[in-house]
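Q: Got a structure for you, final-v7.txt, holding compact mmCIF, C-alpha atoms.
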# COMPACT_ATOMS: atom_id res chain seq x y z
CA MET A 1 18.65 -24.90 40.42
CA GLU A 2 16.66 -21.82 41.32
CA MET A 3 18.05 -18.75 43.05
CA ARG A 4 15.16 -16.50 43.95
CA PHE A 5 15.72 -13.40 46.05
CA THR A 6 13.05 -11.04 47.34
CA THR A 7 14.29 -7.45 47.08
CA THR A 8 13.45 -4.27 48.98
CA GLU A 9 15.15 -0.88 49.05
CA ALA A 10 15.28 1.77 51.75
CA ASP A 11 17.67 4.62 52.60
CA GLY A 12 20.05 3.74 49.79
CA LEU A 13 20.40 0.10 50.84
CA ARG A 14 19.05 -2.70 48.64
CA ILE A 15 18.29 -5.87 50.60
CA HIS A 16 17.92 -9.25 48.89
CA VAL A 17 16.76 -12.30 50.86
CA MET A 18 16.68 -15.92 49.74
CA PRO A 19 14.96 -18.20 52.28
CA THR A 20 16.29 -21.77 52.13
CA ASP A 21 16.54 -24.64 54.60
CA LYS A 22 19.54 -26.10 52.77
CA PHE A 23 22.09 -24.60 55.19
CA LYS A 24 22.40 -24.71 58.96
CA THR A 25 23.96 -21.25 58.89
CA THR A 26 22.75 -17.85 57.75
CA SER A 27 24.99 -15.77 55.50
CA VAL A 28 24.79 -11.98 55.18
CA VAL A 29 26.86 -10.54 52.34
CA LEU A 30 27.18 -6.75 52.18
CA ASN A 31 28.70 -5.25 49.01
CA VAL A 32 29.88 -1.65 48.78
CA LEU A 33 30.40 -0.44 45.20
CA SER A 34 32.86 2.22 44.02
CA PRO A 35 34.38 3.28 40.71
CA LEU A 36 37.78 1.66 40.17
CA LYS A 37 39.97 4.78 40.10
CA ALA A 38 43.68 5.36 40.68
CA GLU A 39 43.01 8.18 43.16
CA THR A 40 40.77 6.08 45.44
CA VAL A 41 41.62 2.40 44.84
CA THR A 42 44.06 2.18 47.79
CA LEU A 43 41.87 4.22 50.15
CA ASN A 44 38.90 1.98 49.35
CA ALA A 45 40.96 -1.13 50.08
CA LEU A 46 42.28 0.17 53.40
CA VAL A 47 38.88 1.14 54.83
CA PRO A 48 37.46 -2.41 55.36
CA ALA A 49 40.78 -3.60 56.76
CA VAL A 50 40.88 -0.82 59.36
CA LEU A 51 37.18 -1.31 60.19
CA GLN A 52 37.88 -4.95 61.05
CA ARG A 53 40.48 -3.86 63.61
CA GLY A 54 37.63 -3.30 66.08
CA THR A 55 34.57 -1.31 67.05
CA ARG A 56 33.99 1.31 69.75
CA ALA A 57 32.58 -1.43 71.99
CA LEU A 58 35.12 -4.06 70.92
CA PRO A 59 38.27 -1.97 70.35
CA SER A 60 40.71 -4.67 69.24
CA VAL A 61 41.01 -7.64 66.92
CA LYS A 62 41.13 -9.89 69.98
CA ALA A 63 37.88 -8.47 71.38
CA LEU A 64 36.16 -8.75 68.00
CA THR A 65 37.32 -12.35 67.59
CA GLU A 66 36.13 -13.27 71.07
CA ARG A 67 32.72 -11.78 70.31
CA LEU A 68 32.46 -13.89 67.14
CA ASP A 69 33.37 -16.95 69.21
CA ASP A 70 30.59 -16.06 71.63
CA LEU A 71 28.18 -16.18 68.69
CA TYR A 72 28.77 -19.93 68.41
CA GLY A 73 31.75 -19.57 66.07
CA ALA A 74 30.35 -16.93 63.72
CA SER A 75 32.71 -15.48 61.12
CA LEU A 76 33.10 -11.99 59.64
CA ASP A 77 35.48 -11.37 56.77
CA SER A 78 36.07 -8.76 54.11
CA VAL A 79 37.54 -8.97 50.61
CA MET A 80 38.09 -6.59 47.71
CA PHE A 81 37.36 -7.54 44.10
CA LYS A 82 36.77 -6.01 40.69
CA VAL A 83 33.72 -6.24 38.44
CA GLY A 84 35.03 -4.72 35.24
CA ASP A 85 36.03 -1.10 35.97
CA ARG A 86 34.32 -1.17 39.38
CA GLN A 87 35.74 -1.93 42.82
CA VAL A 88 33.73 -3.80 45.44
CA ALA A 89 34.35 -4.08 49.17
CA GLN A 90 32.55 -7.15 50.45
CA PHE A 91 31.77 -8.01 54.06
CA GLU A 92 30.50 -11.53 54.70
CA LEU A 93 28.95 -12.56 58.00
CA GLU A 94 28.07 -16.19 58.69
CA VAL A 95 26.24 -17.21 61.86
CA PRO A 96 24.76 -20.56 62.92
CA ASN A 97 21.00 -20.66 62.57
CA GLU A 98 19.61 -20.61 66.10
CA GLN A 99 16.83 -23.00 65.05
CA TYR A 100 19.38 -25.81 65.11
CA LEU A 101 20.86 -24.95 68.51
CA ALA A 102 19.48 -25.51 71.99
CA HIS A 103 19.36 -22.43 74.25
CA ALA A 104 21.02 -20.25 71.60
CA PRO A 105 20.64 -16.47 71.72
CA ALA A 106 19.20 -14.48 68.83
CA LEU A 107 22.32 -15.15 66.77
CA LEU A 108 21.19 -13.51 63.55
CA GLU A 109 20.11 -10.33 65.32
CA GLU A 110 23.34 -10.13 67.30
CA GLY A 111 25.43 -10.95 64.23
CA ILE A 112 23.78 -8.20 62.18
CA GLN A 113 24.36 -5.77 65.05
CA LEU A 114 28.04 -6.72 65.05
CA LEU A 115 28.26 -6.20 61.28
CA ALA A 116 26.61 -2.79 61.69
CA ASP A 117 29.05 -1.84 64.46
CA VAL A 118 32.04 -2.82 62.33
CA LEU A 119 30.75 -0.75 59.41
CA LEU A 120 29.38 2.28 61.27
CA ASP A 121 30.91 2.47 64.75
CA PRO A 122 34.69 1.97 64.44
CA VAL A 123 37.41 2.77 66.95
CA LEU A 124 38.12 6.52 66.76
CA ASP A 125 40.67 8.71 68.53
CA ASN A 126 39.62 12.36 68.53
CA GLY A 127 37.26 11.74 65.62
CA THR A 128 39.68 9.86 63.38
CA PHE A 129 40.73 6.24 62.91
CA ARG A 130 43.33 5.07 65.41
CA GLY A 131 46.69 5.89 63.86
CA SER A 132 48.32 2.59 64.86
CA PHE A 133 45.53 0.65 63.15
CA VAL A 134 45.98 2.61 59.94
CA GLU A 135 49.74 2.08 59.93
CA LEU A 136 49.36 -1.66 60.59
CA GLU A 137 46.94 -2.04 57.70
CA LYS A 138 49.11 0.07 55.38
CA GLU A 139 51.97 -2.31 56.06
CA ALA A 140 49.75 -5.36 55.56
CA LEU A 141 48.57 -3.96 52.23
CA ARG A 142 52.15 -3.22 51.16
CA LYS A 143 53.10 -6.84 51.87
CA ARG A 144 50.03 -8.11 50.03
CA VAL A 145 50.93 -6.17 46.89
CA GLU A 146 54.61 -7.13 47.12
CA SER A 147 53.66 -10.78 47.52
CA LEU A 148 52.13 -10.75 44.05
CA PHE A 149 55.64 -10.94 42.65
CA ASN A 150 56.25 -14.22 44.48
CA ASN A 151 53.42 -15.81 42.50
CA LYS A 152 54.95 -15.47 39.05
CA ALA A 153 51.86 -16.70 37.20
CA ARG A 154 49.62 -14.12 38.86
CA TYR A 155 52.24 -11.41 38.48
CA ALA A 156 52.57 -12.13 34.75
CA SER A 157 48.80 -12.05 34.32
CA MET A 158 48.56 -8.67 36.02
CA ARG A 159 51.47 -7.26 34.02
CA CYS A 160 49.83 -8.36 30.77
CA ILE A 161 46.59 -6.63 31.77
CA GLU A 162 48.54 -3.47 32.67
CA ALA A 163 50.11 -3.55 29.20
CA MET A 164 46.73 -4.14 27.56
CA CYS A 165 44.92 -1.43 29.51
CA PRO A 166 47.44 1.38 30.17
CA ASP A 167 44.71 4.04 30.06
CA GLU A 168 41.87 1.91 31.46
CA ASP A 169 40.98 1.62 35.13
CA PHE A 170 40.81 -2.18 34.83
CA ARG A 171 44.63 -2.22 35.01
CA LEU A 172 44.44 -1.46 38.75
CA PHE A 173 44.79 -4.16 41.42
CA SER A 174 41.68 -4.32 43.60
CA TYR A 175 43.78 -3.91 46.78
CA GLY A 176 45.52 -0.77 45.58
CA ARG A 177 49.04 0.51 45.00
CA ILE A 178 52.12 0.72 47.20
CA GLU A 179 53.02 4.19 45.92
CA ASP A 180 49.82 5.62 47.42
CA LEU A 181 50.60 4.57 50.99
CA PRO A 182 53.00 7.33 52.15
CA ALA A 183 50.38 10.03 51.55
CA ILE A 184 47.65 8.24 53.53
CA ASP A 185 47.30 9.03 57.23
CA ALA A 186 44.51 8.48 59.75
CA LYS A 187 42.74 11.78 59.02
CA ARG A 188 42.79 11.36 55.26
CA LEU A 189 41.51 7.77 55.51
CA THR A 190 38.76 8.78 57.96
CA ASP A 191 37.59 11.59 55.68
CA HIS A 192 37.50 9.15 52.79
CA TYR A 193 35.61 6.56 54.89
CA ARG A 194 32.86 9.08 55.63
CA GLU A 195 32.57 10.00 51.95
CA TRP A 196 32.60 6.29 51.06
CA LEU A 197 29.72 5.63 53.47
CA ALA A 198 27.71 8.59 52.21
CA THR A 199 28.04 7.97 48.48
CA SER A 200 28.67 4.27 47.76
CA PRO A 201 25.75 2.08 46.59
CA MET A 202 25.29 -0.82 49.02
CA GLU A 203 23.50 -4.14 48.61
CA ALA A 204 22.95 -6.84 51.22
CA TYR A 205 22.24 -10.49 50.43
CA VAL A 206 20.86 -12.84 53.07
CA ILE A 207 20.77 -16.60 52.46
CA GLY A 208 19.45 -19.07 55.01
CA ASP A 209 16.39 -20.39 56.81
CA VAL A 210 15.03 -16.94 57.64
CA ASP A 211 11.84 -14.91 57.46
CA PRO A 212 12.40 -12.28 54.74
CA GLU A 213 10.34 -9.59 56.46
CA ARG A 214 12.09 -10.08 59.80
CA VAL A 215 15.62 -10.05 58.43
CA THR A 216 14.87 -7.07 56.19
CA ALA A 217 13.54 -5.16 59.20
CA LEU A 218 16.65 -6.10 61.19
CA LEU A 219 19.00 -4.80 58.51
CA ARG A 220 17.03 -1.59 58.08
CA ASP A 221 16.99 -1.03 61.84
CA ARG A 222 20.68 -1.74 62.50
CA LEU A 223 22.33 -0.34 59.37
CA LYS A 224 21.49 3.30 60.02
CA LEU A 225 23.22 4.94 57.07
CA GLY A 226 21.70 8.40 57.49
CA GLU A 227 21.25 10.80 54.62
CA ARG A 228 23.07 9.61 51.53
CA ARG A 229 23.85 11.09 48.12
CA LEU A 230 24.63 8.02 46.06
CA ALA A 231 27.31 8.41 43.42
CA ILE A 232 26.71 7.11 39.91
CA VAL A 233 29.24 4.37 39.22
CA PRO A 234 30.16 4.49 35.51
CA SER A 235 29.83 1.44 33.29
CA THR A 236 32.91 -0.51 32.28
CA VAL A 237 34.75 0.63 29.16
CA ILE A 238 34.69 -2.19 26.61
CA LYS A 239 37.07 -2.14 23.65
CA PRO A 240 35.63 -4.78 21.30
CA LYS A 241 38.76 -5.17 19.17
CA ALA A 242 42.51 -4.85 19.62
CA GLU A 243 43.82 -1.62 18.15
CA GLY A 244 46.81 -1.95 15.83
CA GLY A 245 49.19 -4.90 15.81
CA PRO A 246 49.71 -7.01 18.94
CA LYS A 247 51.96 -5.39 21.54
CA GLU A 248 54.92 -7.44 22.75
CA VAL A 249 56.16 -6.93 26.30
CA VAL A 250 59.10 -8.75 27.93
CA ASP A 251 60.04 -8.57 31.62
CA ARG A 252 63.33 -10.02 32.86
CA PHE A 253 63.91 -11.35 36.36
CA GLU A 254 65.81 -14.12 38.10
CA VAL A 255 63.45 -16.92 37.08
CA ASN A 256 63.97 -20.46 35.89
CA GLN A 257 60.54 -20.86 34.31
CA GLY A 258 59.00 -18.42 31.85
CA GLN A 259 55.43 -17.15 32.01
CA LEU A 260 53.72 -16.52 28.70
CA VAL A 261 50.45 -14.56 28.69
CA MET A 262 48.47 -13.67 25.58
CA GLY A 263 45.67 -11.15 26.01
CA PHE A 264 42.77 -10.93 23.55
CA ARG A 265 39.89 -8.47 23.15
CA THR A 266 36.31 -9.50 22.49
CA PRO A 267 33.04 -7.55 22.39
CA VAL A 268 31.24 -10.30 24.33
CA THR A 269 30.64 -9.58 28.02
CA PHE A 270 28.57 -10.93 30.92
CA SER A 271 25.54 -8.95 29.78
CA SER A 272 25.86 -9.92 26.09
CA ALA A 273 23.45 -12.29 24.36
CA ASP A 274 26.54 -14.30 23.32
CA TYR A 275 27.77 -14.78 26.91
CA ALA A 276 27.04 -18.52 27.09
CA ARG A 277 28.60 -19.11 23.68
CA MET A 278 31.82 -17.39 24.76
CA VAL A 279 31.88 -19.35 28.03
CA VAL A 280 31.70 -22.61 26.05
CA TYR A 281 34.37 -21.37 23.62
CA ASN A 282 36.70 -20.66 26.55
CA GLY A 283 35.94 -24.08 28.02
CA VAL A 284 36.85 -25.85 24.78
CA LEU A 285 39.97 -23.71 24.41
CA GLY A 286 41.56 -23.91 27.81
CA ALA A 287 39.43 -23.99 30.98
CA TYR A 288 39.70 -27.72 31.73
CA ALA A 289 42.08 -30.67 31.64
CA HIS A 290 40.42 -31.96 28.45
CA SER A 291 40.67 -28.56 26.71
CA LYS A 292 42.81 -27.94 23.66
CA LEU A 293 45.52 -25.89 25.38
CA PHE A 294 46.09 -28.45 28.13
CA VAL A 295 46.03 -31.44 25.80
CA ASN A 296 48.12 -30.01 22.96
CA VAL A 297 50.50 -27.55 24.62
CA ARG A 298 51.11 -29.36 27.90
CA GLU A 299 50.41 -33.04 27.28
CA LYS A 300 51.24 -33.78 23.65
CA ALA A 301 54.03 -31.25 23.01
CA SER A 302 55.30 -31.22 26.63
CA LEU A 303 56.01 -27.51 26.25
CA ALA A 304 54.31 -26.17 29.36
CA TYR A 305 54.02 -26.90 33.07
CA SER A 306 50.60 -25.34 32.84
CA ALA A 307 48.47 -24.07 29.96
CA TYR A 308 44.99 -22.62 30.29
CA SER A 309 42.67 -19.80 29.31
CA ARG A 310 40.24 -17.68 31.28
CA TYR A 311 37.48 -15.35 30.22
CA GLU A 312 37.22 -11.95 31.95
CA SER A 313 33.52 -11.61 31.15
CA HIS A 314 33.04 -8.22 32.84
CA LYS A 315 35.73 -6.61 30.69
CA GLY A 316 35.52 -8.60 27.46
CA LEU A 317 39.03 -10.07 27.71
CA MET A 318 40.32 -13.58 26.97
CA MET A 319 43.62 -14.48 28.62
CA ILE A 320 45.78 -17.46 27.63
CA GLN A 321 48.61 -18.35 30.00
CA ALA A 322 51.35 -20.97 30.01
CA GLY A 323 54.27 -21.66 32.31
CA ILE A 324 57.08 -22.76 29.98
CA ASN A 325 60.78 -23.36 29.71
CA ILE A 326 62.22 -20.12 28.40
CA GLU A 327 63.72 -21.72 25.28
CA ASN A 328 60.26 -23.02 24.30
CA TYR A 329 58.72 -19.58 23.86
CA GLU A 330 58.48 -19.53 20.07
CA GLN A 331 57.17 -23.09 19.79
CA ALA A 332 54.60 -22.54 22.56
CA VAL A 333 53.23 -19.40 20.89
CA ALA A 334 52.95 -21.27 17.59
CA ILE A 335 51.05 -24.20 19.08
CA ILE A 336 48.70 -21.87 20.97
CA HIS A 337 47.88 -20.15 17.68
CA GLU A 338 47.24 -23.59 16.15
CA GLN A 339 44.58 -24.28 18.79
CA LEU A 340 42.87 -20.95 18.15
CA GLU A 341 42.88 -21.62 14.42
CA ALA A 342 41.57 -25.16 14.90
CA ILE A 343 38.47 -23.88 16.70
CA ALA A 344 38.01 -21.17 14.06
CA ARG A 345 37.99 -23.93 11.40
CA GLY A 346 35.48 -25.95 13.39
CA GLU A 347 37.92 -28.70 14.37
CA VAL A 348 36.21 -29.59 17.63
CA CYS A 349 35.04 -33.14 18.16
CA GLU A 350 31.70 -33.99 19.70
CA GLU A 351 33.36 -35.39 22.83
CA GLU A 352 35.20 -32.11 23.48
CA LEU A 353 32.00 -30.11 23.16
CA VAL A 354 29.86 -32.45 25.28
CA GLN A 355 32.48 -32.74 28.01
CA THR A 356 32.94 -28.96 28.14
CA LYS A 357 29.20 -28.40 28.50
CA GLU A 358 28.97 -30.95 31.31
CA MET A 359 31.89 -29.36 33.16
CA LEU A 360 30.38 -25.89 32.81
CA LYS A 361 26.94 -27.01 33.92
CA ASN A 362 28.50 -28.70 36.94
CA ASP A 363 30.36 -25.47 37.80
CA TYR A 364 27.09 -23.52 37.78
CA ARG A 365 25.23 -26.18 39.74
CA GLU A 366 27.94 -26.11 42.42
CA MET A 367 26.94 -22.52 43.18
CA ALA A 368 23.91 -23.94 44.98
CA ASP A 369 26.32 -25.33 47.62
CA SER A 370 27.84 -21.93 48.41
CA PRO A 371 25.85 -18.98 49.78
CA GLY A 372 28.72 -16.68 48.86
CA ALA A 373 28.75 -17.88 45.26
CA MET A 374 24.99 -17.44 44.94
CA ALA A 375 25.16 -13.95 46.37
CA HIS A 376 28.02 -13.05 44.03
CA PHE A 377 26.22 -14.29 40.93
CA ALA A 378 23.06 -12.39 41.85
CA TYR A 379 25.05 -9.26 42.61
CA VAL A 380 26.97 -9.13 39.33
CA GLN A 381 23.76 -9.77 37.44
CA GLY A 382 22.33 -6.69 39.08
CA ILE A 383 25.19 -4.29 38.49
CA GLU A 384 25.64 -5.57 34.93
CA HIS A 385 21.88 -5.24 34.29
CA ALA A 386 21.82 -8.84 33.07
CA ASP A 387 18.64 -10.64 34.07
CA ARG A 388 19.87 -14.14 33.30
CA PRO A 389 18.93 -16.79 35.89
CA VAL A 390 21.20 -19.80 36.24
CA GLU A 391 18.55 -22.01 34.62
CA GLN A 392 18.68 -19.80 31.53
CA VAL A 393 22.49 -19.92 31.41
CA LEU A 394 22.39 -23.73 31.61
CA ALA A 395 19.86 -23.90 28.76
CA GLU A 396 21.94 -21.51 26.65
CA ILE A 397 25.08 -23.58 27.26
CA GLU A 398 23.27 -26.73 26.16
CA ARG A 399 22.26 -25.10 22.86
CA VAL A 400 25.82 -24.08 21.86
CA GLY A 401 27.00 -25.85 18.72
CA LEU A 402 30.07 -25.94 16.50
CA ASP A 403 28.96 -22.97 14.40
CA ASP A 404 28.66 -20.92 17.61
CA LEU A 405 32.28 -21.67 18.50
CA LYS A 406 33.42 -20.60 15.04
CA ALA A 407 31.43 -17.38 15.42
CA MET A 408 33.10 -16.65 18.77
CA ALA A 409 36.55 -17.36 17.30
CA ALA A 410 35.90 -14.65 14.71
CA LEU A 411 35.25 -12.09 17.48
CA ILE A 412 38.58 -12.52 19.27
CA SER A 413 41.58 -10.32 18.42
CA LEU A 414 45.09 -10.53 19.90
CA ASP A 415 46.03 -7.38 21.82
CA THR A 416 49.20 -8.18 23.81
CA VAL A 417 51.80 -10.93 24.13
CA TYR A 418 53.63 -10.77 27.47
CA PHE A 419 56.63 -12.88 28.44
CA LEU A 420 58.26 -13.07 31.86
CA ARG A 421 61.70 -14.58 31.35
CA ASP A 422 65.22 -14.81 32.77
CA LYS A 423 67.91 -12.13 32.83
CA GLU A 424 69.98 -13.58 30.01
CA THR A 425 71.37 -10.94 27.66
CA VAL A 426 70.03 -12.75 24.60
CA GLU A 427 66.76 -11.11 23.59
CA ALA A 428 63.59 -13.18 23.63
CA THR A 429 62.67 -14.64 20.28
CA HIS A 430 59.22 -13.99 18.90
CA ALA A 431 57.05 -16.09 16.66
Please go through the file and, once you have read it, give me the structure as structure tokens.
A:
Amino acid sequence: MEMRFTTTEADGLRIHVMPTDKFKTTSVVLNVLSPLKAETVTLNALVPAVLQRGTRALPSVKALTERLDDLYGASLDSVMFKVGDRQVAQFELEVPNEQYLAHAPALLEEGIQLLADVLLDPVLDNGTFRGSFVELEKEALRKRVESLFNNKARYASMRCIEAMCPDEDFRLFSYGRIEDLPAIDAKRLTDHYREWLATSPMEAYVIGDVDPERVTALLRDRLKLGERRLAIVPSTVIKPKAEGGPKEVVDRFEVNQGQLVMGFRTPVTFSSADYARMVVYNGVLGAYAHSKLFVNVREKASLAYSAYSRYESHKGLMMIQAGINIENYEQAVAIIHEQLEAIARGEVCEEELVQTKEMLKNDYREMADSPGAMAHFAYVQGIEHADRPVEQVLAEIERVGLDDLKAMAALISLDTVYFLRDKETVEATHA
């Protein structure tokens, strides 16, 4: 599977185009990069939400939606995500390719114009964002953050990361913080939006059956960003080893099921030469239904409703999580440690290793079916300065052997054990 983009840069905008006739739509993904900082994380998250409330020409959500419908059911969405200690606002436009439609207008041109209007020509009242739009999006953001608590597994994961990284920007949620909202009004958000436009590195990815020169010219013509003074976005802080003994953190709420999260440090990141080896290690440990955590903690010992691991490759973290009965805490921790020690001793059978590699290779190959996934992979490669095509990753995965897994096990150190449990007065027991 090849993912080949042609790249040009002009006026602070990098444009990447991948011509392909695989899709009957054209996707345009625009990423806006900012440092992940407490003082701006909520402002950055609010800006795209308010922008999608409407443009000067289409001054409401209803008008914007109707315009997308006019473009043969085009879509325009925005999301926020983290790449290590960096925050990204992503706008994704998808339009049908007019080559496959009879009597269709210039859909790509009109779609790019709409994207440009959303980004650069928002609804303003006396030079600032419309106050009602800002208040609506502040309330939506508050509800989004509060809803994290309703998903106890996600809440526990975030709380463990907060405990692991109290002085690191990675602790922040990509959509911001509730406590910031009272101090944000329309003027402050508008001032921040203008600074955000003037200083944030931007990259556009176009995937579809397009002419690279034409679509590049369209983006340059419509995305008039003016004079820009691009900010330098710092690299992510990587702590290769846990400092001191493992921290233990217990939260108590009205819950029937406990959430156990164990956070580990590792020096291996997305840009490391050992990246593929760590990805395979995580796969053997807990990424799949055949992995050691699922088989031994959930299936054989029946201690967990769920048990898995994930690798935060942009920060060098390994997270193990299990939903357990509260009384099973000590036994679950012990069996998780047994799985870690088993890999460190090389107790991985050939079937486990082969199956993990096949699952991983399938995951990477599936990217070819998703323009968004291809754009994301290419983007993080760029900002991580990791020139590693998918074909190379697949070859590196195939070469991973038992000794590589043992080497990765030696690089992992336990930083924090977090337990979300009930409000009983008896203190949680610890292994």
Q: Nearest residue to Ala45 of chain A out of A:Gly176, A:Gly323, A:Gly111, A:Gly127, using only C-alpha atoms?
A: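 Ranked by minimum distance to Ala45 of chain A, first place goes to A:Gly176.
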Q: Please provide as a PyMOL selection string all residues within 12 Å of Asp167 of chain A, with the sequence filter that same-chain residues fewer than 6 positions apart are discarded (counting all atoms listed in the file).
A: chain A and resi 37-38+85+161+237+239
Q: At a cut-off of 12 Å, using all atoms listed in the file, what residues contact Val61 of chain A? Leave out same-chain residues fewer than 3 positions from it and give the result as a PyMOL selection string.
A: chain A and resi 49-58+64-68+76+118+122-123+133
Q: Give me the residues near Phe173 of chain A as a list of chain:residue names, where near means some atom within 10 Å (using all atoms listed in the file) and where sequence neighbours in that chain fewer than 5 positions away do not count.
A: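 Near Phe173 of chain A, the qualifying residues are A:Leu36, A:Ala38, A:Val41, A:Thr42, A:Ala45, A:Met80, A:Phe81, A:Lys82, A:Gln87, A:Val145, A:Met158, A:Glu162.
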Q: Taking into account only C-alpha atoms, which residue in the set A:Ile232, A:Leu219, A:Val297, A:Ala304 is nearest to Ile335 of chain A?
A: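 For Ile335 of chain A, the nearest of the given residues is A:Val297.
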Q: Quote the spacing between atom CA of Val393 of chain A and atom CA of Ala204 of chain A in Å to one decimal place.
A: 23.7 Å
Q: Between atom CA of Ala395 of chain A and atom CA of Phe377 of chain A, what is the distance, to one decimal in Å?
A: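 One can read the atom CA of Ala395 of chain A to atom CA of Phe377 of chain A distance as 16.8 Å.
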Q: Which residue is closest to Glu327 of chain A? Choose from A:Pro105, A:Gly258, A:Pro389, A:Gly346 and count all atoms listed in the file.
A: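 That would be A:Gly258, the residue with the smallest distance to Glu327 of chain A.
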Q: Could you build a table of the residues in segment 308-427 of chain A lying no more than 9 Å from segment 277-290 of chain A, giving for each the nearest pair of atoms and their separation in Å rounded to one decimal place, using all atoms listed in the file, ordered by chain and ascending residue number, as CSV?
A:
residue,atom,partner,partner_atom,distance
A:Tyr308,CA,A:Gly286,CA,4.4
A:Ser309,CA,A:Gly286,CA,4.5
A:Arg310,CA,A:Ala287,CA,6.4
A:Tyr311,CA,A:Asn282,CA,6.5
A:Ser313,CA,A:Val279,CA,8.5
A:Met318,CA,A:Asn282,CA,8.0
A:Ile320,CA,A:Gly286,CA,7.7
A:Gln339,CA,A:Leu285,CA,7.3
A:Leu340,CA,A:Leu285,CA,7.4
A:Ile343,CA,A:Leu285,CA,7.9
A:Val348,CA,A:Val284,CA,8.1
A:Glu352,CA,A:Val284,CA,6.6
A:Leu353,CA,A:Val284,CA,6.7
A:Gln355,CA,A:His290,CA,8.0
A:Thr356,CA,A:Gly283,CA,5.7
A:Lys357,CA,A:Val280,CA,6.8
A:Met359,CA,A:Tyr288,CA,8.1
A:Leu360,CA,A:Gly283,CA,7.6
A:Glu396,CA,A:Arg277,CA,7.7
A:Ile397,CA,A:Arg277,CA,6.7
A:Arg399,CA,A:Arg277,CA,8.8
A:Val400,CA,A:Arg277,CA,6.0
A:Gly401,CA,A:Arg277,CA,8.5
A:Asp404,CA,A:Arg277,CA,6.3
A:Leu405,CA,A:Tyr281,CA,5.5
A:Lys406,CA,A:Tyr281,CA,8.7
A:Ala407,CA,A:Arg277,CA,8.9
A:Met408,CA,A:Met278,CA,6.2
A:Ala409,CA,A:Tyr281,CA,7.8
Q: What is the atom CA of Val95 of chain A-atom CA of Thr25 of chain A distance in Å, reported with one decimal?
A: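 Between atom CA of Val95 of chain A and atom CA of Thr25 of chain A the gap is 5.5 Å.
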Q: Find, counting only C-alpha atoms, the residue in A:Ser78, A:Gln257, A:Thr199, A:Ser272 that gets nearest to Ile324 of chain A.
A: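 Selected residue with least distance to Ile324 of chain A: A:Gln257.
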